[in-house]
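Just model-v4.csv here, CSV, C-alpha atoms and all ligand atoms:
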chain,number,residue,atom,x,y,z
A,1,MET,CA,29.7,-35.5,-36.3
A,2,LEU,CA,30.0,-33.9,-32.9
A,3,LEU,CA,32.1,-31.0,-34.2
A,4,PHE,CA,29.6,-30.5,-36.9
A,5,GLY,CA,26.8,-30.4,-34.4
A,6,LEU,CA,28.5,-27.9,-32.2
A,7,LEU,CA,29.3,-25.7,-35.2
A,8,ALA,CA,25.7,-25.9,-36.3
A,9,VAL,CA,24.4,-25.0,-32.9
A,10,GLY,CA,26.9,-22.2,-32.6
A,11,SER,CA,26.1,-20.6,-35.9
A,12,ALA,CA,22.4,-21.0,-35.3
A,13,TYR,CA,22.8,-19.2,-32.0
A,14,ALA,CA,24.9,-16.5,-33.6
A,15,ALA,CA,22.2,-16.0,-36.3
A,16,PHE,CA,19.2,-15.9,-34.1
A,17,ALA,CA,20.2,-14.4,-30.7
A,18,PRO,CA,20.9,-10.9,-31.8
A,19,ASP,CA,17.6,-10.8,-33.7
A,20,ASN,CA,15.8,-11.7,-30.5
A,21,ALA,CA,17.6,-9.0,-28.6
A,22,THR,CA,16.7,-6.3,-31.2
A,23,ALA,CA,13.1,-7.5,-31.2
A,24,ASP,CA,13.0,-7.2,-27.4
A,25,THR,CA,14.4,-3.7,-27.4
A,26,SER,CA,12.2,-2.4,-30.2
A,27,ALA,CA,9.1,-3.8,-28.4
A,28,GLN,CA,10.3,-2.1,-25.3
A,29,SER,CA,11.1,1.2,-26.9
A,30,GLN,CA,7.7,1.1,-28.6
A,31,GLN,CA,6.0,0.7,-25.2
A,32,ILE,CA,8.1,3.6,-23.8
A,33,GLU,CA,7.1,5.8,-26.8
A,34,GLU,CA,3.4,4.9,-26.2
A,35,GLY,CA,3.8,5.7,-22.5
A,36,LYS,CA,5.4,9.0,-23.3
A,37,LYS,CA,2.4,10.0,-25.5
A,38,LEU,CA,-0.1,9.0,-22.8
A,39,PHE,CA,1.9,10.9,-20.2
A,40,ALA,CA,2.0,14.1,-22.3
A,41,VAL,CA,-1.8,14.1,-22.6
A,42,GLY,CA,-2.8,12.9,-19.1
A,43,CYS,CA,0.0,13.8,-16.7
A,44,ALA,CA,2.3,16.5,-18.1
A,45,SER,CA,0.0,19.4,-17.1
A,46,CYS,CA,0.9,18.7,-13.5
A,47,HIS,CA,4.2,16.8,-13.7
A,48,GLY,CA,5.8,18.6,-16.6
A,49,LEU,CA,6.3,17.4,-20.2
A,50,ASN,CA,9.4,15.4,-19.2
A,51,ALA,CA,8.2,14.4,-15.7
A,52,GLU,CA,10.5,16.9,-14.2
A,53,GLY,CA,7.7,18.2,-12.0
A,54,GLY,CA,6.0,21.6,-11.6
A,55,GLY,CA,3.8,21.4,-14.6
A,56,ASN,CA,3.2,24.2,-17.1
A,57,GLY,CA,1.0,26.3,-14.8
A,58,GLU,CA,-2.2,25.0,-16.1
A,59,GLY,CA,-2.9,22.7,-13.2
A,60,LYS,CA,-3.8,24.1,-9.8
A,61,MET,CA,-1.7,21.3,-8.2
A,62,ALA,CA,1.9,21.2,-9.2
A,63,GLY,CA,2.9,17.6,-9.2
A,64,PRO,CA,6.3,16.4,-8.0
A,65,SER,CA,9.2,15.3,-10.2
A,66,LEU,CA,8.8,11.7,-11.2
A,67,ILE,CA,12.5,11.2,-12.1
A,68,GLY,CA,13.6,8.1,-10.2
A,69,VAL,CA,10.2,7.2,-8.6
A,70,GLY,CA,10.2,4.0,-10.6
A,71,ALA,CA,7.6,1.9,-12.4
A,72,ALA,CA,6.2,0.7,-9.0
A,73,ALA,CA,5.1,4.2,-8.0
A,74,VAL,CA,3.3,4.7,-11.4
A,75,ASP,CA,1.7,1.3,-11.2
A,76,PHE,CA,0.5,2.0,-7.7
A,77,GLN,CA,-0.7,5.6,-8.2
A,78,VAL,CA,-2.5,5.1,-11.5
A,79,GLY,CA,-3.6,1.5,-10.7
A,80,THR,CA,-5.4,2.7,-7.5
A,81,GLY,CA,-6.9,5.6,-9.4
A,82,ARG,CA,-5.1,8.2,-7.3
A,83,MET,CA,-3.5,9.5,-10.5
A,84,PRO,CA,-4.4,11.5,-12.5
A,85,ALA,CA,-5.3,13.7,-9.6
A,86,MET,CA,-8.6,15.6,-10.1
A,87,GLN,CA,-8.8,18.4,-7.6
A,88,PRO,CA,-6.7,19.9,-4.8
A,89,GLY,CA,-7.3,18.6,-1.3
A,90,ALA,CA,-5.5,17.4,1.8
A,91,GLN,CA,-5.1,14.0,0.2
A,92,ILE,CA,-5.7,12.6,-3.2
A,93,PRO,CA,-8.2,9.8,-2.8
A,94,ARG,CA,-8.3,6.3,-4.3
A,95,LYS,CA,-10.8,6.0,-7.2
A,96,THR,CA,-11.7,3.9,-10.2
A,97,PRO,CA,-8.7,3.8,-12.4
A,98,SER,CA,-9.0,5.8,-15.7
A,99,TYR,CA,-6.4,3.8,-17.6
A,100,THR,CA,-6.2,0.1,-18.7
A,101,GLN,CA,-3.4,-2.0,-17.2
A,102,ALA,CA,-1.6,-2.0,-20.6
A,103,GLU,CA,-1.6,1.8,-20.6
A,104,ILE,CA,-0.4,1.9,-17.0
A,105,GLU,CA,2.4,-0.4,-17.9
A,106,ALA,CA,3.4,1.8,-20.8
A,107,MET,CA,3.5,5.0,-18.6
A,108,ALA,CA,5.4,3.0,-16.0
A,109,ALA,CA,7.9,1.9,-18.6
A,110,TYR,CA,8.3,5.5,-19.7
A,111,VAL,CA,8.9,6.8,-16.2
A,112,ALA,CA,11.3,3.9,-15.5
A,113,SER,CA,13.2,4.8,-18.6
A,114,LEU,CA,14.0,8.3,-17.2
A,115,ALA,CA,15.9,7.1,-14.2
A,116,PRO,CA,16.2,3.8,-12.2
A,117,GLY,CA,13.7,3.3,-9.4
A,118,PRO,CA,11.7,0.5,-7.8
A,119,ALA,CA,10.3,-1.9,-10.4
A,120,VAL,CA,6.9,-3.4,-10.3
A,121,PRO,CA,7.3,-6.6,-8.2
A,122,ALA,CA,7.1,-10.0,-9.9
A,123,GLU,CA,3.9,-12.0,-9.1
A,124,GLU,CA,5.8,-14.6,-7.0
A,125,ALA,CA,6.8,-11.8,-4.6
A,126,TYR,CA,3.2,-11.1,-3.5
A,127,ASP,CA,1.5,-14.4,-4.2
A,128,VAL,CA,0.2,-15.4,-0.8
A,129,SER,CA,-2.3,-18.1,-2.0
A,130,LYS,CA,-0.1,-20.8,-0.4
A,131,ALA,CA,0.9,-18.9,2.8
A,132,THR,CA,1.3,-21.1,5.9
A,133,ASP,CA,-0.1,-20.3,9.3
A,134,GLU,CA,3.4,-19.4,10.5
A,135,GLN,CA,3.8,-16.9,7.7
A,136,VAL,CA,0.5,-15.3,8.6
A,137,THR,CA,1.4,-15.1,12.3
A,138,ARG,CA,4.8,-13.7,11.4
A,139,GLY,CA,3.2,-11.2,9.1
A,140,GLY,CA,0.9,-10.2,12.0
A,141,GLU,CA,3.8,-9.4,14.2
A,142,LEU,CA,5.5,-7.3,11.5
A,143,PHE,CA,2.2,-5.6,10.8
A,144,ARG,CA,1.8,-4.6,14.4
A,145,THR,CA,5.3,-3.2,14.6
A,146,ASN,CA,5.3,-1.3,11.3
A,147,CYS,CA,1.8,-0.5,10.2
A,148,THR,CA,-0.8,-0.4,13.0
A,149,ALA,CA,0.3,3.1,14.1
A,150,CYS,CA,-1.4,4.5,11.1
A,151,HIS,CA,-3.6,1.8,9.6
A,152,ASN,CA,-5.1,0.4,12.9
A,153,PHE,CA,-4.9,-3.1,14.4
A,154,ALA,CA,-7.5,-4.5,12.0
A,155,GLY,CA,-6.2,-2.7,8.9
A,156,LYS,CA,-9.3,-0.5,8.9
A,157,GLY,CA,-7.4,2.8,8.6
A,158,GLY,CA,-7.3,5.9,10.7
A,159,ALA,CA,-7.1,9.7,10.8
A,160,LEU,CA,-3.8,11.6,10.6
A,161,PRO,CA,-3.1,15.2,11.4
A,162,ASN,CA,-4.1,18.0,8.9
A,163,GLY,CA,-7.2,16.3,7.4
A,164,ARG,CA,-5.1,13.4,6.1
A,165,TYR,CA,-5.8,9.7,6.7
A,166,ALA,CA,-4.3,6.3,6.4
A,167,PRO,CA,-6.9,4.4,4.3
A,168,SER,CA,-8.4,1.0,5.1
A,169,LEU,CA,-6.4,-1.9,3.6
A,170,MET,CA,-9.4,-4.1,3.1
A,171,GLY,CA,-9.9,-5.0,-0.6
A,172,VAL,CA,-6.5,-3.6,-1.7
A,173,SER,CA,-4.8,-5.9,-4.2
A,174,GLU,CA,-1.7,-7.9,-3.1
A,175,LYS,CA,0.4,-6.1,-5.7
A,176,HIS,CA,-0.7,-2.6,-4.6
A,177,ILE,CA,0.0,-3.5,-0.9
A,178,TYR,CA,3.6,-4.5,-2.0
A,179,GLU,CA,4.0,-1.3,-4.1
A,180,ALA,CA,2.7,0.9,-1.3
A,181,MET,CA,5.5,-0.5,1.0
A,182,LEU,CA,8.0,-0.1,-1.8
A,183,THR,CA,7.2,3.5,-2.7
A,184,GLY,CA,5.7,5.0,0.5
A,185,PRO,CA,2.9,7.2,-0.9
A,186,GLN,CA,2.4,10.6,0.8
A,187,GLN,CA,2.7,10.3,4.6
A,188,MET,CA,3.6,6.7,4.5
A,189,PRO,CA,7.3,5.8,5.0
A,190,VAL,CA,9.2,3.8,2.4
A,191,PHE,CA,9.8,0.2,3.6
A,192,SER,CA,12.9,-0.6,1.5
A,193,ASP,CA,14.1,-4.2,1.2
A,194,GLN,CA,16.6,-3.4,4.0
A,195,VAL,CA,13.9,-2.4,6.4
A,196,LEU,CA,11.4,-5.2,5.4
A,197,GLN,CA,12.9,-8.0,3.3
A,198,PRO,CA,10.8,-9.3,0.4
A,199,GLU,CA,9.6,-12.3,2.5
A,200,ASP,CA,8.6,-9.9,5.3
A,201,LYS,CA,6.5,-7.9,2.8
A,202,ARG,CA,5.0,-11.1,1.5
A,203,ASP,CA,4.1,-12.3,5.1
A,204,ILE,CA,2.5,-8.9,5.9
A,205,ILE,CA,0.4,-9.2,2.7
A,206,ALA,CA,-0.6,-12.7,3.8
A,207,TYR,CA,-1.7,-11.3,7.2
A,208,VAL,CA,-3.7,-8.4,5.6
A,209,LYS,CA,-5.5,-10.9,3.4
A,210,ALA,CA,-6.2,-13.2,6.4
A,211,LEU,CA,-7.7,-10.2,8.2
A,212,GLU,CA,-10.1,-9.6,5.3
A,213,THR,CA,-11.5,-13.1,5.5
A,214,GLN,CA,-11.5,-13.3,9.3
A,215,LYS,CA,-15.0,-13.4,10.9
A,216,ASP,CA,-15.8,-11.1,13.7
A,217,PRO,CA,-15.2,-13.0,17.0
A,218,GLY,CA,-18.5,-11.7,18.4
A,219,GLY,CA,-19.2,-9.5,21.4
A,220,PHE,CA,-19.0,-5.7,21.2
A,221,GLY,CA,-16.9,-4.8,18.2
A,222,LEU,CA,-15.9,-1.4,19.4
A,223,GLY,CA,-14.8,-0.9,15.8
A,224,ARG,CA,-12.0,-3.4,16.6
A,225,LEU,CA,-10.0,-0.5,17.9
A,226,GLY,CA,-7.5,-2.9,19.5
A,227,PRO,CA,-6.5,-3.9,23.0
A,228,VAL,CA,-5.6,-0.4,24.2
A,229,SER,CA,-9.0,1.2,23.5
A,230,GLU,CA,-10.9,-2.0,24.5
A,231,GLY,CA,-8.9,-2.0,27.8
A,232,LEU,CA,-9.7,1.7,28.3
A,233,TRP,CA,-13.4,1.0,27.8
A,234,GLY,CA,-13.3,-1.8,30.4
A,235,TRP,CA,-11.5,0.5,32.7
A,236,LEU,CA,-13.9,3.4,32.3
A,237,VAL,CA,-17.0,1.3,32.7
A,238,GLY,CA,-15.5,-0.6,35.6
A,239,ILE,CA,-14.4,2.6,37.4
A,240,GLY,CA,-17.8,4.1,36.7
A,241,LEU,CA,-19.5,1.1,38.4
A,242,LEU,CA,-17.1,1.3,41.4
A,243,VAL,CA,-17.7,5.0,41.8
A,244,GLY,CA,-21.4,4.4,41.7
A,245,VAL,CA,-21.2,1.7,44.3
A,246,ALA,CA,-19.0,3.9,46.5
A,247,VAL,CA,-21.4,6.8,46.3
A,248,TRP,CA,-24.3,4.5,47.1
A,249,ILE,CA,-22.5,3.0,50.1
A,250,GLY,CA,-21.5,6.5,51.2
A,251,ALA,CA,-25.1,7.7,51.1
A,252,LYS,CA,-26.4,4.7,53.0
A,253,GLY,CA,-23.6,5.2,55.6
A,254,VAL,CA,-24.6,8.8,56.1
A,255,LYS,CA,-28.2,7.8,56.5
A,256,ALA,CA,-27.3,5.1,59.0
A,257,LYS,CA,-25.2,7.6,61.0
A,258,GLY,CA,-28.0,10.1,60.9
A,259,ALA,CA,-30.5,7.5,62.2
A,260,LYS,CA,-28.2,6.8,65.2
A,261,ALA,CA,-27.8,10.5,66.1
A,262,GLU,CA,-31.6,10.9,66.4
A,301,LIG,C1,-4.0,17.6,-11.4
A,301,LIG,C2,-2.6,17.4,-11.3
A,301,LIG,C3,-2.0,16.0,-11.5
A,301,LIG,C4,-2.2,15.1,-12.6
A,301,LIG,C5,-3.1,15.4,-13.8
A,301,LIG,C6,-1.4,14.0,-12.3
A,301,LIG,N1,-0.7,14.1,-11.1
A,301,LIG,FE1,0.5,12.7,-10.3
A,301,LIG,N2,0.7,13.8,-8.7
A,301,LIG,C7,0.1,15.1,-8.5
A,301,LIG,C8,0.4,15.5,-7.1
A,301,LIG,C9,0.0,16.8,-6.5
A,301,LIG,C10,1.2,14.5,-6.5
A,301,LIG,C11,1.7,14.5,-5.1
A,301,LIG,C12,0.7,13.7,-4.2
A,301,LIG,C13,1.3,13.7,-2.8
A,301,LIG,O1,2.2,12.9,-2.6
A,301,LIG,O2,0.7,14.4,-2.0
A,301,LIG,C14,1.3,13.4,-7.5
A,301,LIG,C15,2.0,12.3,-7.3
A,301,LIG,C16,2.3,11.3,-8.3
A,301,LIG,C17,3.1,10.2,-8.1
A,301,LIG,C18,3.9,9.8,-6.8
A,301,LIG,C19,5.3,10.3,-6.8
A,301,LIG,C20,6.1,9.7,-5.7
A,301,LIG,O3,7.0,10.4,-5.2
A,301,LIG,O4,5.8,8.6,-5.3
A,301,LIG,C21,3.2,9.5,-9.3
A,301,LIG,C22,3.9,8.2,-9.6
A,301,LIG,C23,2.3,10.2,-10.2
A,301,LIG,N3,1.8,11.3,-9.6
A,301,LIG,C24,2.1,9.8,-11.5
A,301,LIG,C25,1.1,10.5,-12.3
A,301,LIG,C26,0.8,10.0,-13.6
A,301,LIG,C27,1.4,8.7,-14.3
A,301,LIG,C28,-0.2,10.8,-14.1
A,301,LIG,C29,-1.0,10.7,-15.4
A,301,LIG,C30,-1.8,9.5,-15.6
A,301,LIG,C31,-0.4,11.8,-13.1
A,301,LIG,N4,0.4,11.6,-12.0
A,301,LIG,C32,-1.3,12.9,-13.2
A,301,LIG,C33,-0.6,15.8,-9.4
A,301,LIG,C34,-1.1,15.3,-10.6
A,302,LIG,C1,3.0,7.0,9.2
A,302,LIG,C2,1.8,6.4,8.8
A,302,LIG,C3,1.8,5.1,8.0
A,302,LIG,C4,2.5,3.9,8.2
A,302,LIG,C5,3.4,3.6,9.4
A,302,LIG,C6,2.1,3.0,7.2
A,302,LIG,N1,1.2,3.6,6.3
A,302,LIG,FE1,0.3,2.8,4.7
A,302,LIG,N2,-0.5,4.6,4.2
A,302,LIG,C7,-0.4,5.7,4.9
A,302,LIG,C8,-1.0,6.8,4.2
A,302,LIG,C9,-1.2,8.3,4.7
A,302,LIG,C10,-1.5,6.3,3.0
A,302,LIG,C11,-2.3,7.0,2.0
A,302,LIG,C12,-1.4,7.5,0.9
A,302,LIG,C13,-2.1,8.1,-0.2
A,302,LIG,O1,-3.3,8.2,-0.2
A,302,LIG,O2,-1.4,8.5,-1.2
A,302,LIG,C14,-1.2,4.9,3.1
A,302,LIG,C15,-1.5,4.0,2.1
A,302,LIG,C16,-1.3,2.6,2.1
A,302,LIG,C17,-1.8,1.7,1.2
A,302,LIG,C18,-2.7,2.0,0.0
A,302,LIG,C19,-4.1,1.7,0.3
A,302,LIG,C20,-5.1,2.0,-0.8
A,302,LIG,O3,-6.2,2.4,-0.5
A,302,LIG,O4,-4.7,2.0,-2.0
A,302,LIG,C21,-1.4,0.5,1.5
A,302,LIG,C22,-1.7,-0.9,0.8
A,302,LIG,C23,-0.6,0.6,2.8
A,302,LIG,N3,-0.6,2.0,3.1
A,302,LIG,C24,0.0,-0.4,3.5
A,302,LIG,C25,0.8,-0.2,4.6
A,302,LIG,C26,1.6,-1.3,5.2
A,302,LIG,C27,1.5,-2.7,4.8
A,302,LIG,C28,2.3,-0.7,6.2
A,302,LIG,C29,3.3,-1.3,7.2
A,302,LIG,C30,4.4,-2.1,6.5
A,302,LIG,C31,2.0,0.8,6.2
A,302,LIG,N4,1.1,1.0,5.2
A,302,LIG,C32,2.5,1.7,7.1
A,302,LIG,C33,0.3,5.9,6.2
A,302,LIG,C34,1.1,4.9,6.8

Mind turning this structure into structure tokens?
Amino acid sequence: MLLFGLLAVGSAYAAFAPDNATADTSAQSQQIEEGKKLFAVGCASCHGLNAEGGGNGEGKMAGPSLIGVGAAAVDFQVGTGRMPAMQPGAQIPRKTPSYTQAEIEAMAAYVASLAPGPAVPAEEAYDVSKATDEQVTRGGELFRTNCTACHNFAGKGGALPNGRYAPSLMGVSEKHIYEAMLTGPQQMPVFSDQVLQPEDKRDIIAYVKALETQKDPGGFGLGRLGPVSEGLWGWLVGIGLLVGVAVWIGAKGVKAKGAKAE
């Protein structure tokens, strides 16, 4: 009986497993085919017909090679509407995406099929709905070390040299924050998993999301420029007052002296 059962399971497995595998690969190659077609129409003019970069001279902005940038870069660039780029400028802005998520996934699969690169992160990697206070605090520390130099203490963004800027992080989806760290668009460095481990990235996302919901603590906002500039303001105003008082005392002193001399 037992032997029969084992044999039955074994042969059933042998009969079905390869079928599943071929079904998987054909669905995948269909998606890649679809992505390749979309790419030829919407992206090849700048990135080349085989994503090798350079374009065919039609576009004013030659795009870089996409060999090895990975699915994550495509999902980020097209998902935030940066790609397809529209016009030359110091920086390609975020805009309403022009493709559906299924189309983006197809193009991402196509680019990923050319060479290995960072994959789109799994949802567990950036799900911060159950983040604890400790994780948010830890994320805040990591954020201050790695991100505030460009994106400001409150994640509100800031200017960079040559007309470029680090955008505000408010309202950016969890997945796109993760992908930005993974792929380092433009001036932004790549934060590989050696630099910021997956749980570091998740805690940073939890912190950015907490910033979004945080209420203003009141008082002068000063654009929440952070302790340095707030300190500077206090210093300038304070020194100004002191100088004023000193001048006033000096003037009274001179007057008093003048009165004595008479
Ligand atoms: C008008 C030209 C143009 C078009 C059309 C265009 N791109 Fe780009 N793309 C660029 C340029 C220029 C850059 C470099 C931006 C930068 O980093 O300053 C770029 C960058 C990228 C990157 C980032 C590469 C990296 O190293 O991380 C990806 C991914 C990308 N494009 C994908 C696409 C996809 C997919 C499409 C089609 C939906 C597309 N692009 C259409 C010009 C274009
Ligand atoms: C050296 C400056 C610099 C540092 C440091 C930096 N970024 Fe960026 N970041 C940028 C720039 C510039 C862009 C815009 C890129 C573009 O438009 O293609 C950007 C874009 C982003 C975006 C995309 C926002 C959007 O509007 O779609 C996210 C999310 C992001 N950064 C998160 C981070 C996080 C998190 C860190 C820290 C781990 C970080 N950045 C560190 C410069 C920086």

Near-ligand residues for ligand LIG 302 (chain A), threshold 6 Å, all atoms listed in the file, as a list in words: Thr80, Ile92, Pro93, Arg94, Phe143, Asn146, Cys147, Ala149, Cys150, Tyr165, Ala166, Pro167, Leu169, Val172, His176, Ile177, Ala180, Met181, Pro185, Gln186, Gln187 and Met188 of chain A

Selection near stretch 104-121 of chain A, 6 Å with only C-alpha atoms, sequence-local residues under 4 positions removed, as a ChimeraX atom specification: /A:31-32,35-36,67-72,74

If you measure from atom CA of A:Lys156 to atom O2 of ligand LIG 301 (chain A), what distance in Å do you get, rounded to one decimal?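 Between these atoms lies a distance of 21.0 Å.
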
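With distances restricted to only C-alpha atoms and all ligand atoms, A:Asp75 is the closest residue to ligand LIG 301 (chain A) from A:Asp75, A:Glu52, A:Glu141, A:Asp203.
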
With only C-alpha atoms as the basis for distance, which of A:Ala40, A:Ile249, A:Val128, A:Ala159 is at the shortest distance from A:Val208?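 Smallest distance to A:Val208 is found for A:Val128.
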
Test item: axis-aligned box, all listed atoms of ligand LIG 301 (chain A), 4 Å on each side, centre and edges in Å rounded to one decimal, as lines of an AutoDock Vina configuration file:
center_x = 1.5
center_y = 12.9
center_z = -8.8
size_x = 19.0
size_y = 17.4
size_z = 21.6

From the list A:Val190, A:Leu241, A:Val41, A:Met61, which residue is nearest A:Gln91 when using only C-alpha atoms?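 Closest to A:Gln91, using only C-alpha atoms: A:Met61.
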
Rounded to one decimal place, report the atom C14 of ligand LIG 301 (chain A)-atom CA of A:Gln87 distance in Å.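 About the pair atom C14 of ligand LIG 301 (chain A) and atom CA of A:Gln87: they are 11.3 Å apart.
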
What's the 9 Å shell around A:Glu174, counting all atoms listed in the file, without same-chain residues fewer than 3 positions away, as a count of residues only? 11

Residue among A:Thr183, A:Gln101, A:Ser168, A:Gln197 lying closest to A:Glu212, counting all atoms listed in the file: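 Of the candidates, the smallest distance to A:Glu212 is held by A:Ser168.
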
Counting only C-alpha atoms, find residues at most 8 Å from (-10.5, -5.9, 10.0) (file frame) and give them as a PyMOL selection string. chain A and resi 153-156+170+211-212+214+224

Kindly indicate which residue among A:Leu66, A:Val245, A:Leu160, A:Leu142 lies nearest to ligand LIG 301 (chain A), using all atoms listed in the file for the distances.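 Using all atoms listed in the file, ligand LIG 301 (chain A) sits closest to A:Leu66.
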
What is the atom CA of A:Pro64-atom C18 of ligand LIG 301 (chain A) distance in Å, reported with one decimal? 7.1 Å

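Among the candidates A:Ala27, A:Ala251, A:Ile204, A:Leu182, the one nearest to A:Gly140 when counting all atoms listed in the file is A:Ile204.
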
Would you list the residues near (10.6, 18.7, -19.0), meaning any protein, DNA or RNA residue with an atom at most 12 Å from that point in file coordinates, counting all atoms listed in the file, as a list in words?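 Protein and nucleic acid residues near the point are Lys36, Phe39, Ala40, Cys43, Ala44, Ser45, Cys46, His47, Gly48, Leu49, Asn50, Ala51, Glu52, Gly53, Gly54, Gly55, Asn56, Ser65, Leu66, Ile67 and Leu114 of chain A.
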